Amino acid sequence: MVETEKRISTAQLFTVIFILGMGLKILMLPVLMLKVLGRDSVLGLAAMGVVELLCLGAMLAAIMLSPEKSFYDLVSELAGKIAAKIIFTVFAAFFFFKLVLLAGEVRVFFSENLLQNFSSTVYSIPLCGLCVVIGMGTLRAIGRASQFLFPFIAAATLCLFVLIGMGVDFSEMFPFGEYGIKSIASDSFKHAMWFGDYSSLVVVLGAVKRTKRTVAAGVVAGVLASLAVMFYLLGLTASFSNVCYLIRFGQNVTGMSHYALGDVMQGRLDVMLFCLWTVSVLVEAGFYAFATVSCLNNVLPVKKEILSLAVGVALFVLLLLWQSTSDLQAFAVKYFAVPAFIFQIAVPVFALIITAAARRRKKKNLDASSALQNAAASKSEAAFCDAKEKGAECEAE
Amino acid sequence: MKRSKKILIYKLSCFLFAIVLLMLPQRSLPQSDIQVLATVLGIDGTNGDVMVSAQLAVPVAQTGDGKASTVAKATGGSISEALENLEIGMGRRVNFGHLSTVAAGKGMLLSDIKEFVSYLMSSGKVGPGAYLVYCAQSTASDFIEQAQKMGESSDAEVGNFIAFNKSGNHVTTATALKFLQTLHSTSGAACLPCVQLEDENSDSEQGDTSVGEGRGGGSDSQEQGEENGSQTSEKRKSEQEGKEAEKSGGENAQNEEQSGDEKESGGSSAKNSQDENGDSGSGKASNGKKSSGGNGGGEKKKLVAADSIAVYGGDKEEPTVLNTLATRGVVWQDTHSNYGLVELRNVLIDGQTVPSVSARLAGKSVKKSVKVINGENVLTYKIKVKLKLDDSHLCVNPDFFGILKDKLEKEFESVIRNNLAFAVQTSKETGIDFLGIRDRFHKFCRKGAHNFDLTAVVVHIEPKVIIQT
C-alpha cells in the first residue's frame, strides 16, 4: 500500500505529464527528424505523437484502475517475484538509457548556447548531482517541484511560442509529402527512443490521489505537450526547411527563436526564456533518475540513497566516456528503435492488463469476502433466530 | 536520514563545488583584453582569393571610455582562412557574437556568396538573423572603411542602419537565413538590399537636376504636365531657400531614378507618376543626420540604402541590380515590410493640386493565391494597406478631406499596382524569379508547378488602401 502522504495530486500529475511529454522531444528530436525527413518530419512527428497519446491514454486508464498498491507489488502478486524483478530490471535499464540520452542532449544544449568555453565535464557534475538528489527523493517531492516550476516553464514556453509565431514565415513549411509514406514511417520509427516518455509513469501507478478530473487533466497535459513539440517542429521546419544542413545540434530551438526575434539588435531574450524552459528538461532528467532508482530499489536489496548515488556516478562515467552526443544518438537510432517502440507500447498495455487484473482480483476477493460475510451473517442470524425460538419455547414451557 | 549523514552529504557537496570551481577555465587576462567584437563583416573576392574586412569594437579595459573602433582586413584562400588570418593579424580572438551585418562586395558571384554565407552560418559565426547587404558601387572593404570613418563613435552604425530599416522603414531587408532559404527554394533566387556611401554634396546636386523630371501629378496626365511645371519651379525655389535640404536631396535623388525607371517601364506609371517615396524618404533623411565630417576634413559621406536591390538567381552568376520601381514592387509584396513612410506628390484633387502627401504605413497584409485557370497559371496578389496621414493639416476642412481620402486611396492603389506589375515584368524579362512565384506554385498548387513557365504566369494585383482617419 502506498502511503497517502507519498501520493501526488491530480495537478501534480498534470505538470509531470506535461514536462515528460515536452522536454526530451524539443531538445534535439526536431533537428534529427528534419535532417532525415525534411518537411515531412512534421507528418512523422504527428503520427508518432498520436501513438504516444494512445499510450498515455492506456497509462491513465491504468492509473485509474490500479488499487492503491505499487506496480511492483501488483506484478509480483500476479506474475511472481522473479518475473517482477526481471521486468523491473528491464524497466530500470530502459529508463537509465533515456536518462543518458537526455543528459547528453542537455550537455549539447548548454555547450552550444550558454557555456561554450567550459568543459562539458564540468557541468555534467551538477546535472548528475541533481539526478542523485531527485533520485533519492520521493514522488511527492518531484510532483511538488514540478507544480512549483510549472508556471515559469509555461510562461517561458508561451513567450517563445509568441516570438516564434510572430517571426517565422509558416508558409515555408509546405509542401508536404515529398518523401512518401514508406520513408516517413520507417524514418520516424527509427526515432522511437525519443518517444514513449509516458512509460515512465509506471512508477506513479498506485500513487496518485485520483479524482474525477484525473483522466481529463492527464489527457489535456499530454495534448498540450504534443502541441508544443509540434509547434516547435513547425517553426523549425519553416525556418530551415531548404537549408537543413545549416542547423547545428543544440542550437535548433535557440537559432529559430533568435531568427524569429528578427532583429539582432534586440539582444538574446530567447536565451533568458530558454534558461527557464530548460528547467523542465532538468525535472524530466530527475524524474528518469527517480524512475530508475525506484525500479532498481525493487530489484536489489540496497538502500535507495546508495542506488541513487550509483545511478549518478554511472551517468557521469557514461557521459565522460561517451563524449559525442551524435554517437549516442546514432546508437539510439541504430540499436534502440525496435526495443524502444515495443517498450513504448508494451509498458502501457502491460500496466493496463496488470491493473485491470488486479482490480478484478480485488473485486473477486471483495465479492468472496462479502459472500463469506453474508454467509456468516446469515448463519449468525439463523443461530440467533434458533436461540430466539428456543427461548420462546422455553418461555412457553 | 540521520543528522550526521545530512552533514556528510553537505560536506561532500561543498567539496564537489570546490572541485567545479577549480576546474573552471583559468585565464590570465580578462576577456576584454584578449578579444575584439566584430559588428560588421565585409567579404570581397572569390574562392581562392577572399578578402574579409571587419568593423571591430575593441574593448580597452584600462584607458579612455573603454572602447575603440577599428577596421581590420585580411586575405586568404578561403573565407575560413581569411577569418583566421584576421585573428592572427589582430593578435586577439574575434568574437562574432555581435555580428549584425554582412556586406558582400560589388560583383560577388552567386556560388561564392552562397558558400560564404553557408560557412558563416554553419560555423555559428553569423546568427540566422544577421542582415546581408550588397555594396552596389564599391568593394565591401571600401564600404566598411568609409562607414567607419563616418564618426568615432560609429562602431555599429551600419548595423543600426540596417536594423532600423527592418523595423521602421518601408524597405526590403534580407537576413542570412532568409537569403539562403529563398536561394535554395524552387525559385532559386534571393534578394539583397543595396547600400552605398555617397558624397553628400554630389547627391544633393543630383537631386536638384532631377526635380523637374520626376514629379508627377494627378491621374490626368495633361493637367499633370502643366501642374508639373509649376510645382517644379515652386519646389526649386523652396530648395534654393534651403528648406529641408537633406531630405529633399534624398527624395530628389530617388525621383531621378524613378523617372528613369518609369521610362523603362513603358510609362504606365509615368502617367500617374506619383512619387511613392517611403523607403528612402525617411531612410536617407535619418542617414543624412548620421553623416559626419569628422574624419580629418575628408568628404562628407552618407549612407544610401535600400532604394535598389540586388537579386541572385536564374542562370546568372553575377547579381542583377533592380531599379527603384521594381524594388518598390518587391517591397510592396514583402510581408515583413510593414512600417515606414510613403508619399504622393502633386495630386490633383477637385481642381486643387496637393503638392505632397505623406502617409505612414499602419499595417499591411499581403495574400498571394495561386491557381490554374483554363490551363493558365494565375497568381493573385491581394495587398491591403492601412495608412495614416502625416499631413494632418490637409484635413482641416472635413468636406475636402472626404474627397481627398477617396482620391488618395485610389492613387496609392494605382502606385502599388504599377510598382508590383513592373517588378513582375522585370522578373519575367530577366528570368530571375525573385518574387518567388515558382516556389508559391510548388507549395500550394502542384498542378501549376508542373511545366511551370515564369513568362506565362498571369498576375493579378488587387491593392486595397485604407486611409485611417
# chains A, B, ... in the order shown; residues from 1 in each chain; ligands from 1

call {"tool": "select_by_dssp", "arguments": {"residues": "range 346-414 of chain B", "states": "helix (DSSP H, G or I)", "output": "PyMOL selection string"}}
result
chain B and resi 392-395+398-414

call {"tool": "closest_residue", "arguments": {"among": "A:Leu29, A:Leu315, A:Leu78, A:Ala192", "to": "Arg361 in chain A", "atoms": "only C-alpha atoms"}}
result
A:Leu78

call {"tool": "closest_atom_pairs", "arguments": {"of": "range 5-43 of chain A", "to": "range 271-295 of chain A", "cutoff": "10 Å", "atoms": "only C-alpha atoms", "output": "Markdown table"}}
result
| residue | atom | partner | partner_atom | distance |
| --- | --- | --- | --- | --- |
| A:Thr15 | CA | A:Ser280 | CA | 9.7 |
| A:Val16 | CA | A:Glu284 | CA | 8.1 |
| A:Ile17 | CA | A:Glu284 | CA | 9.7 |
| A:Phe18 | CA | A:Ser280 | CA | 9.1 |
| A:Ile19 | CA | A:Ser280 | CA | 5.8 |
| A:Leu20 | CA | A:Glu284 | CA | 5.9 |
| A:Gly21 | CA | A:Glu284 | CA | 9.2 |
| A:Met22 | CA | A:Ser280 | CA | 8.2 |
| A:Gly23 | CA | A:Val281 | CA | 4.8 |
| A:Leu24 | CA | A:Val281 | CA | 6.7 |
| A:Lys25 | CA | A:Val281 | CA | 9.7 |
| A:Ile26 | CA | A:Val281 | CA | 9.3 |
| A:Leu27 | CA | A:Val281 | CA | 8.5 |

call {"tool": "write_last_selection", "arguments": {"atoms": "N, CA and C atoms", "output": "PDB file, in the first residue's frame"}}
result
ATOM      1  N   THR A  15       1.308  18.379 -14.294  1.00  0.00           N
ATOM      2  CA  THR A  15       2.593  19.030 -14.607  1.00  0.00           C
ATOM      3  C   THR A  15       3.658  18.000 -14.974  1.00  0.00           C
ATOM      4  N   VAL A  16       3.630  16.864 -14.282  1.00  0.00           N
ATOM      5  CA  VAL A  16       4.622  15.821 -14.594  1.00  0.00           C
ATOM      6  C   VAL A  16       4.419  15.318 -16.025  1.00  0.00           C
ATOM      7  N   ILE A  17       3.174  15.086 -16.410  1.00  0.00           N
ATOM      8  CA  ILE A  17       2.891  14.595 -17.767  1.00  0.00           C
ATOM      9  C   ILE A  17       3.312  15.636 -18.802  1.00  0.00           C
ATOM     10  N   PHE A  18       3.008  16.881 -18.518  1.00  0.00           N
ATOM     11  CA  PHE A  18       3.374  17.954 -19.464  1.00  0.00           C
ATOM     12  C   PHE A  18       4.894  18.008 -19.657  1.00  0.00           C
ATOM     13  N   ILE A  19       5.606  17.946 -18.553  1.00  0.00           N
ATOM     14  CA  ILE A  19       7.073  18.032 -18.634  1.00  0.00           C
ATOM     15  C   ILE A  19       7.648  16.798 -19.335  1.00  0.00           C
ATOM     16  N   LEU A  20       7.104  15.627 -19.008  1.00  0.00           N
ATOM     17  CA  LEU A  20       7.586  14.398 -19.649  1.00  0.00           C
ATOM     18  C   LEU A  20       7.335  14.428 -21.160  1.00  0.00           C
ATOM     19  N   GLY A  21       6.198  14.947 -21.534  1.00  0.00           N
ATOM     20  CA  GLY A  21       5.826  14.946 -22.958  1.00  0.00           C
ATOM     21  C   GLY A  21       6.602  15.941 -23.785  1.00  0.00           C
ATOM     22  N   MET A  22       7.137  16.954 -23.137  1.00  0.00           N
ATOM     23  CA  MET A  22       7.745  18.042 -23.912  1.00  0.00           C
ATOM     24  C   MET A  22       9.268  18.026 -23.901  1.00  0.00           C
ATOM     25  N   GLY A  23       9.862  17.780 -22.738  1.00  0.00           N
ATOM     26  CA  GLY A  23      11.293  18.047 -22.549  1.00  0.00           C
ATOM     27  C   GLY A  23      12.222  17.442 -23.569  1.00  0.00           C
ATOM     28  N   LEU A  24      12.315  16.126 -23.575  1.00  0.00           N
ATOM     29  CA  LEU A  24      13.302  15.458 -24.434  1.00  0.00           C
ATOM     30  C   LEU A  24      13.023  15.690 -25.906  1.00  0.00           C
ATOM     31  N   LYS A  25      11.764  15.772 -26.262  1.00  0.00           N
ATOM     32  CA  LYS A  25      11.434  15.869 -27.689  1.00  0.00           C
ATOM     33  C   LYS A  25      11.815  17.216 -28.287  1.00  0.00           C
ATOM     34  N   ILE A  26      11.725  18.246 -27.492  1.00  0.00           N
ATOM     35  CA  ILE A  26      12.032  19.564 -28.060  1.00  0.00           C
ATOM     36  C   ILE A  26      13.537  19.766 -28.210  1.00  0.00           C
ATOM     37  N   LEU A  27      14.317  19.116 -27.350  1.00  0.00           N
ATOM     38  CA  LEU A  27      15.752  19.395 -27.359  1.00  0.00           C
ATOM     39  C   LEU A  27      16.408  19.110 -28.719  1.00  0.00           C
TER      40      LEU A  27
END

call {"tool": "residues_around", "arguments": {"residues": "range 106-122 of chain B", "least_positions_apart": "6", "cutoff": "7 Å", "atoms": "only C-alpha atoms", "output": "list in words"}}
result
Leu246 and Ile247 of chain A; Asp44, Gly45, Thr46, Asn47, Ile79, Pro128, Tyr134, Cys135, Ala136, Gln137, Ser138, Thr139, Ala176, Tyr312, Glu317, Glu318 and Pro319 of chain B

call {"tool": "write_last_selection", "arguments": {"atoms": "N, CA and C atoms", "output": "PDB file, in the first residue's frame"}}
result
ATOM      1  N   LEU A 246      22.313  23.629 -42.388  1.00  0.00           N
ATOM      2  CA  LEU A 246      22.823  24.714 -41.541  1.00  0.00           C
ATOM      3  C   LEU A 246      22.558  24.504 -40.052  1.00  0.00           C
ATOM      4  N   ILE A 247      21.588  23.655 -39.745  1.00  0.00           N
ATOM      5  CA  ILE A 247      21.191  23.546 -38.336  1.00  0.00           C
ATOM      6  C   ILE A 247      22.256  22.791 -37.575  1.00  0.00           C
TER       7      ILE A 247
ATOM      8  N   ASP B  44      34.934  40.266 -49.902  1.00  0.00           N
ATOM      9  CA  ASP B  44      35.205  40.546 -51.317  1.00  0.00           C
ATOM     10  C   ASP B  44      35.944  39.371 -51.922  1.00  0.00           C
ATOM     11  N   GLY B  45      35.964  39.389 -53.228  1.00  0.00           N
ATOM     12  CA  GLY B  45      36.765  38.398 -53.942  1.00  0.00           C
ATOM     13  C   GLY B  45      36.004  37.122 -54.180  1.00  0.00           C
ATOM     14  N   THR B  46      36.737  36.153 -54.663  1.00  0.00           N
ATOM     15  CA  THR B  46      36.129  34.876 -54.993  1.00  0.00           C
ATOM     16  C   THR B  46      36.902  33.773 -54.291  1.00  0.00           C
ATOM     17  N   ASN B  47      36.336  32.597 -54.318  1.00  0.00           N
ATOM     18  CA  ASN B  47      37.007  31.497 -53.630  1.00  0.00           C
ATOM     19  C   ASN B  47      38.395  31.275 -54.206  1.00  0.00           C
ATOM     20  N   ILE B  79      37.325  31.557 -47.064  1.00  0.00           N
ATOM     21  CA  ILE B  79      36.810  32.505 -46.055  1.00  0.00           C
ATOM     22  C   ILE B  79      37.270  32.103 -44.654  1.00  0.00           C
ATOM     23  N   PRO B 128      21.276  33.383 -37.544  1.00  0.00           N
ATOM     24  CA  PRO B 128      20.335  33.391 -38.661  1.00  0.00           C
ATOM     25  C   PRO B 128      19.673  34.740 -38.892  1.00  0.00           C
ATOM     26  N   TYR B 134      24.324  44.280 -50.001  1.00  0.00           N
ATOM     27  CA  TYR B 134      25.178  44.219 -51.180  1.00  0.00           C
ATOM     28  C   TYR B 134      25.707  45.623 -51.454  1.00  0.00           C
ATOM     29  N   CYS B 135      27.010  45.739 -51.586  1.00  0.00           N
ATOM     30  CA  CYS B 135      27.608  47.044 -51.878  1.00  0.00           C
ATOM     31  C   CYS B 135      27.550  47.258 -53.389  1.00  0.00           C
ATOM     32  N   ALA B 136      26.667  48.139 -53.789  1.00  0.00           N
ATOM     33  CA  ALA B 136      26.380  48.270 -55.217  1.00  0.00           C
ATOM     34  C   ALA B 136      27.496  48.981 -55.984  1.00  0.00           C
ATOM     35  N   GLN B 137      28.243  49.826 -55.318  1.00  0.00           N
ATOM     36  CA  GLN B 137      29.195  50.637 -56.086  1.00  0.00           C
ATOM     37  C   GLN B 137      30.632  50.529 -55.604  1.00  0.00           C
ATOM     38  N   SER B 138      30.893  49.682 -54.690  1.00  0.00           N
ATOM     39  CA  SER B 138      32.272  49.591 -54.195  1.00  0.00           C
ATOM     40  C   SER B 138      32.523  48.204 -53.631  1.00  0.00           C
ATOM     41  N   THR B 139      33.766  47.999 -53.297  1.00  0.00           N
ATOM     42  CA  THR B 139      34.036  46.731 -52.612  1.00  0.00           C
ATOM     43  C   THR B 139      33.508  46.852 -51.182  1.00  0.00           C
ATOM     44  N   ALA B 176      20.457  36.488 -43.168  1.00  0.00           N
ATOM     45  CA  ALA B 176      21.287  35.412 -43.728  1.00  0.00           C
ATOM     46  C   ALA B 176      20.433  34.174 -43.988  1.00  0.00           C
ATOM     47  N   TYR B 312      20.063  37.614 -56.862  1.00  0.00           N
ATOM     48  CA  TYR B 312      20.863  36.481 -57.322  1.00  0.00           C
ATOM     49  C   TYR B 312      19.910  35.400 -57.782  1.00  0.00           C
ATOM     50  N   GLU B 317      25.466  34.136 -62.778  1.00  0.00           N
ATOM     51  CA  GLU B 317      26.326  34.040 -61.593  1.00  0.00           C
ATOM     52  C   GLU B 317      26.442  35.397 -60.917  1.00  0.00           C
ATOM     53  N   GLU B 318      26.384  36.436 -61.727  1.00  0.00           N
ATOM     54  CA  GLU B 318      26.525  37.777 -61.153  1.00  0.00           C
ATOM     55  C   GLU B 318      25.153  38.320 -60.741  1.00  0.00           C
ATOM     56  N   PRO B 319      25.130  39.210 -59.775  1.00  0.00           N
ATOM     57  CA  PRO B 319      23.830  39.731 -59.341  1.00  0.00           C
ATOM     58  C   PRO B 319      23.260  40.740 -60.340  1.00  0.00           C
TER      59      PRO B 319
END

call {"tool": "residues_around", "arguments": {"residues": "range 432-434 of chain B", "least_positions_apart": "6", "cutoff": "12 Å", "atoms": "only C-alpha atoms", "output": "PyMOL selection string"}}
result
chain B and resi 179+182-192+309-322+326-327+329-331+333-334+423-426+440+452-455+457

call {"tool": "residues_around", "arguments": {"residues": "Ala421 in chain B", "least_positions_apart": "2", "cutoff": "12 Å", "atoms": "only C-alpha atoms", "output": "ChimeraX atom specification"}}
result
/B:265-266,268-269,325-330,332-333,379-381,414-419,423-428,435,458-463

call {"tool": "atom_distance", "arguments": {"atom1": "CA of Leu127 in chain A", "atom2": "CA of Gly104 in chain A"}}
result
10.4 Å

call {"tool": "atom_distance", "arguments": {"atom1": "CA of Met193 in chain A", "atom2": "CA of Gln344 in chain A"}}
result
8.6 Å

call {"tool": "residues_around", "arguments": {"residues": "Ala228 in chain A", "least_positions_apart": "3", "cutoff": "9 Å", "atoms": "only C-alpha atoms", "output": "list in words"}}
result
Met22, Ile26, Thr157, Phe161, Val223, Leu224, Ala225, Phe231, Tyr232 and Leu233 of chain A

call {"tool": "write_last_selection", "arguments": {"atoms": "N, CA and C atoms", "output": "PDB file, in the first residue's frame"}}
result
ATOM      1  N   MET A  22       7.137  16.954 -23.137  1.00  0.00           N
ATOM      2  CA  MET A  22       7.745  18.042 -23.912  1.00  0.00           C
ATOM      3  C   MET A  22       9.268  18.026 -23.901  1.00  0.00           C
ATOM      4  N   ILE A  26      11.725  18.246 -27.492  1.00  0.00           N
ATOM      5  CA  ILE A  26      12.032  19.564 -28.060  1.00  0.00           C
ATOM      6  C   ILE A  26      13.537  19.766 -28.210  1.00  0.00           C
ATOM      7  N   THR A 157       7.546  29.041 -22.178  1.00  0.00           N
ATOM      8  CA  THR A 157       7.135  28.349 -23.408  1.00  0.00           C
ATOM      9  C   THR A 157       6.163  29.212 -24.207  1.00  0.00           C
ATOM     10  N   PHE A 161       6.578  30.719 -27.893  1.00  0.00           N
ATOM     11  CA  PHE A 161       5.548  30.493 -28.916  1.00  0.00           C
ATOM     12  C   PHE A 161       5.236  31.796 -29.638  1.00  0.00           C
ATOM     13  N   VAL A 223      -1.858  16.332 -24.510  1.00  0.00           N
ATOM     14  CA  VAL A 223      -2.167  17.014 -25.781  1.00  0.00           C
ATOM     15  C   VAL A 223      -1.405  18.341 -25.868  1.00  0.00           C
ATOM     16  N   LEU A 224      -1.378  19.068 -24.757  1.00  0.00           N
ATOM     17  CA  LEU A 224      -0.662  20.356 -24.756  1.00  0.00           C
ATOM     18  C   LEU A 224       0.833  20.155 -25.035  1.00  0.00           C
ATOM     19  N   ALA A 225       1.404  19.145 -24.400  1.00  0.00           N
ATOM     20  CA  ALA A 225       2.833  18.870 -24.619  1.00  0.00           C
ATOM     21  C   ALA A 225       3.084  18.500 -26.078  1.00  0.00           C
ATOM     22  N   PHE A 231       4.527  22.456 -32.497  1.00  0.00           N
ATOM     23  CA  PHE A 231       4.707  23.864 -32.858  1.00  0.00           C
ATOM     24  C   PHE A 231       6.187  24.192 -33.070  1.00  0.00           C
ATOM     25  N   TYR A 232       7.019  23.674 -32.188  1.00  0.00           N
ATOM     26  CA  TYR A 232       8.460  23.904 -32.345  1.00  0.00           C
ATOM     27  C   TYR A 232       8.957  23.314 -33.660  1.00  0.00           C
ATOM     28  N   LEU A 233       8.478  22.117 -33.954  1.00  0.00           N
ATOM     29  CA  LEU A 233       8.934  21.480 -35.190  1.00  0.00           C
ATOM     30  C   LEU A 233       8.440  22.264 -36.405  1.00  0.00           C
TER      31      LEU A 233
END

call {"tool": "closest_residue", "arguments": {"among": "A:Ala383, A:Val51, A:Leu34, A:Val299", "to": "Gly222 in chain A", "atoms": "only C-alpha atoms"}}
result
A:Val51

call {"tool": "residues_around", "arguments": {"residues": "range 448-450 of chain B", "least_positions_apart": "5", "cutoff": "6 Å", "atoms": "only C-alpha atoms", "output": "PyMOL selection string"}}
result
chain B and resi 372+377+441-442
